[in-house]
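Here is the structure we will look at.
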Amino acid sequence: RSELESHGGRVEKFIGDAVMGVFGAPVAFGDDHERAVRAALAVRDWAGGDDLQVRIAVNTGEAIVDLDARPDQGQAMIAGDVVNTAARLQSAAPVGSVLVGQETYASTRTAIEYQPGFEPVRAKGKAEPVQAWLAVRATVDVGERPPTPAPMVGRERELEVLKSIWDRVTGERRPHLVTVFGPAGIGKSRLALELMEHVGARDGRVLRGRSMPYGASSPYGAFAQLVKQVAKVYDSDELPEARSKLSAALADLLWVEEADEHARNLSLLIGLDEGEVPDRETLFFSARLFVEALGTQVPTLVLFEDIHWAEASLLELIEMLAARVREVPVLFLALARPEMLTERPGWAGGLPTYTAL
């Protein structure tokens with residue numbers, strides 16, 4: 001249940017030693033098929049670590065959904081052939097593996113590695129054998145999409161706007177915040193990639209952080225990714241080593257006696273340290289000095305992806321940085337889906353250097 005719910009699904013029912021999880025109802029996301037496979041892989045790995053034998057299947061398709069059903073009282077919420085086929089695939093799955101149906105495979109193969117050559121499953125009630133694939137592992141991070149080599153088409157105006165803002169930021173040494181709004185899959189990340197290449201070709205620095213739709217993440221996770229990039233902190237580092245790297249990076253960046261104090265504040269902000277937290281303004285001040293020091297070294301593009309999934313605390317940090325960072329060439333670029341404005345209609349309101357695209 002923990003793995004299913006952390007990936008945005010829910011337990012529809014327990015039947016004997018079987019568990020049925022549902023993704024896409026009662027709340028649907030754009031990547032429910034991928035969430036389901038990632039959850040299945042997580043359950044597989046957890047069970048293997050505890051020497052439990054499990055067979056898992058994921059199937060995607062249309063179903064009848066009763067939103068008024070009470071699963072906690074044994075009422076079924078989902079019905080349809082998609083459920084029956086999932087059960088047949090689950091019975092055919094090898095122990096300790098995840099077997100998926102054709103539609104699931106087709107919609108996740110760019111993010112999940114599959115083992116080819118699994119024999120079609122002869123399922124009860126099916127005239128033809130059911131095609132199936134064994135899921136091996138996720139090949140990209142959550143929310144990540146590998147770039148394609150195809151040329152970008154039809155975004156010349158938007159790209160020129162971003163390039164001109166970058167040129168103004170570097171020429172006038174004045175920070176700017178840009179938010180690119182667009183539905184899922186319309187090309188926000190691709191547009192950002194084009195700008196990143198433009199910045200890199202002009203010897204600028206690019207730092208990138210992403211807010212995650214599910215899974216473990218700290219309130220300031222996207223900002224933490226930026227700090228770790230600069231300090232060369234890796235997820236495999238032990239906490240003492242990570243804090244030591246951050247302290248060394250801050251000492252080089254700030255050249256002030258308070259560098260250790262600011263390193264301690266940033267450690268608290270990004271989750272490398274625990275202890276009594278000063279007021280948030282103190283933590284945000286250290287974050288501001290950090291960004292200003294980066295801009296002093298070299299013109300910097302700070303990219304925040306998928307902020308529609310960000311917690312309010314991160315959005316407030318971004319707004320603070322855009323409002324208070326001074327006299328350094330730093331461009332803050334945020335990517336978001338339009339529904340973010342439903343939750344936060346006043347986003348970036350009152351900032352003198354703000355552009356929405």
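Identifiers for the structure tokens are assigned positionally: chains receive A, B, ... in sequence, residues are indexed from 1 per chain, and ligands are indexed from 1 in the order shown.
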Go through range 96-317 of chain A and collect every residue that DSSP, computed from the backbone, puts in strand (DSSP E or B); the answer should be as a count of residues only.
34
Excluding Gly350 in chain A and its own-chain neighbours fewer than 5 positions away, which residues fall within 12 Å of it when counting only C-alpha atoms? Please give them as an NGL selection string.
:A and (177 or 319-320 or 322-323 or 355)
Proximity of range 15-34 of chain A to range 86-108 of chain A: per-residue shortest pair, 10 Å limit, only C-alpha atoms, as CSV:
residue,atom,partner,partner_atom,distance
A:Ala18,CA,A:Ala87,CA,9.6
A:Met20,CA,A:Ala87,CA,9.1
A:Asp31,CA,A:Ser107,CA,8.8
A:Asp32,CA,A:Thr104,CA,9.7
A:His33,CA,A:Thr104,CA,6.0
A:Glu34,CA,A:Thr108,CA,5.7
For Glu261 in chain A, list every protein, DNA or RNA residue within 12 Å, evaluated using only C-alpha atoms, and leave out those in the same chain fewer than 5 positions away; present the list as number ranges by chain.
A: 246-247, 250-251, 254, 256, 266-268, 278, 282-283, 285-287, 289
Among A:Asp260, A:Asp66, A:Asp72, A:Asp81, Arg10 in chain A is approached most closely, using only C-alpha atoms, by A:Asp72
Distance in Å - CA of Leu226 in chain A versus CA of Arg208 in chain A:
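CA of Arg208 in chain A lies at a distance of 5.9 Å from CA of Leu226 in chain A.
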Shell around Ser218 in chain A at 8 Å using only C-alpha atoms, local window under 3 positions removed, as a list in words:
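Everything that qualifies: Gly221, Ile270 and Gly271 of chain A.
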Write a file of the selected residues as a CSV table (one decimal), in the first residue's frame, keeping C-alpha atoms.
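Ended up saving to result_9.csv:
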chain,number,residue,atom,x,y,z
A,221,GLY,CA,14.1,19.5,-3.5
A,270,ILE,CA,18.3,21.2,1.6
A,271,GLY,CA,18.1,18.4,4.1
For Leu67 in chain A: contacts at 9 Å, only C-alpha atoms, fewer than 5 positions along chain excluded, given as number ranges by chain
A: 25-26, 77-78
Okay, now the selection with N, CA and C atoms, as an mmCIF file, in the first residue's frame?
data_model
loop_
_atom_site.group_PDB
_atom_site.id
_atom_site.type_symbol
_atom_site.label_atom_id
_atom_site.label_comp_id
_atom_site.auth_asym_id
_atom_site.auth_seq_id
_atom_site.Cartn_x
_atom_site.Cartn_y
_atom_site.Cartn_z
ATOM 1 N N ALA A 25 -7.769 6.608 -11.209
ATOM 2 C CA ALA A 25 -9.088 6.798 -10.611
ATOM 3 C C ALA A 25 -8.946 6.669 -9.097
ATOM 4 N N PRO A 26 -9.606 7.530 -8.323
ATOM 5 C CA PRO A 26 -10.511 8.599 -8.750
ATOM 6 C C PRO A 26 -9.811 9.843 -9.293
ATOM 7 N N MET A 77 -14.570 -0.716 -6.999
ATOM 8 C CA MET A 77 -14.602 0.583 -7.653
ATOM 9 C C MET A 77 -14.392 0.454 -9.159
ATOM 10 N N ILE A 78 -13.651 -0.573 -9.570
ATOM 11 C CA ILE A 78 -13.264 -0.747 -10.966
ATOM 12 C C ILE A 78 -13.795 -2.069 -11.493
#
Can you list, as a ChimeraX atom specification, every protein, DNA or RNA residue that comes within 6 Å of range 335-349 of chain A when you count only C-alpha atoms, leaving out same-chain residues fewer than 6 positions away?
/A:179-183,305-308
Would you export the selected residues with N, CA, C and O atoms as a compact mmCIF listing (two decimals), in the first residue's frame, please?
# COMPACT_ATOMS: atom_id res chain seq x y z
N THR A 179 8.51 32.48 -16.51
CA THR A 179 7.77 31.23 -16.36
C THR A 179 7.20 30.85 -17.71
O THR A 179 6.51 31.65 -18.35
N VAL A 180 7.50 29.63 -18.15
CA VAL A 180 6.94 29.09 -19.39
C VAL A 180 5.79 28.17 -19.01
O VAL A 180 6.00 27.15 -18.35
N PHE A 181 4.57 28.56 -19.40
CA PHE A 181 3.40 27.75 -19.11
C PHE A 181 2.99 26.96 -20.34
O PHE A 181 3.04 27.47 -21.46
N GLY A 182 2.57 25.72 -20.15
CA GLY A 182 2.09 24.91 -21.27
C GLY A 182 1.63 23.56 -20.77
O GLY A 182 2.13 23.06 -19.77
N PRO A 183 0.67 22.95 -21.47
CA PRO A 183 0.19 21.62 -21.08
C PRO A 183 1.31 20.58 -21.17
O PRO A 183 2.34 20.80 -21.81
N GLU A 305 12.28 23.03 -13.18
CA GLU A 305 11.32 22.31 -14.02
C GLU A 305 10.15 21.79 -13.19
O GLU A 305 10.29 21.44 -12.03
N ASP A 306 8.98 21.78 -13.83
CA ASP A 306 7.77 21.17 -13.26
C ASP A 306 7.38 21.77 -11.92
O ASP A 306 7.07 21.05 -10.96
N ILE A 307 7.37 23.10 -11.84
CA ILE A 307 7.04 23.71 -10.55
C ILE A 307 5.56 23.60 -10.20
O ILE A 307 5.16 23.96 -9.09
N HIS A 308 4.74 23.10 -11.12
CA HIS A 308 3.35 22.83 -10.76
C HIS A 308 3.26 21.71 -9.72
O HIS A 308 2.23 21.54 -9.07
May I ask which of the residues A:Gly200, A:Gly49, A:Gly24, A:Pro240 is the closest one to Ala63 in chain A, counting only C-alpha atoms?
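Looking at the shortest contact to Ala63 in chain A, the residue is A:Gly24.
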7 Å contact set for Ala138 in chain A, only C-alpha atoms, chain neighbours under 4 positions out, as a PyMOL selection string
chain A and resi 111-113
Which residue out of A:Arg35, A:Leu314, A:Ala242, A:Gly30 has the minimum interatomic distance to Tyr220 in chain A when only C-alpha atoms are used?
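Under the stated criterion, the closest residue is A:Leu314.
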Quick one: distance from CA of Pro219 in chain A to CA of Leu315 in chain A in Å, one decimal?
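That distance, rounded to one decimal, is 9.8 Å.
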Point out the residue among A:Leu162, A:Ala76, A:Val65, A:Val54 with the least atom-to-atom distance to Leu41 in chain A, counting only C-alpha atoms.
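Of A:Leu162, A:Ala76, A:Val65, A:Val54, the one nearest Leu41 in chain A is A:Val54, counting only C-alpha atoms.
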Can you tell me, as a list of chain:residue names, which residues in range 286-319 of chain A count as alpha helix (DSSP H) by DSSP?
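The alpha helix (DSSP H) residues within range 286-319 of chain A come out as A:Ser286, A:Ala287, A:Arg288, A:Leu289, A:Phe290, A:Val291, A:Glu292, A:Ala293, A:Leu294, A:Gly295, A:Thr296, A:Gln297, A:Ala312, A:Ser313, A:Leu314, A:Leu315, A:Glu316, A:Leu317, A:Ile318, A:Glu319.
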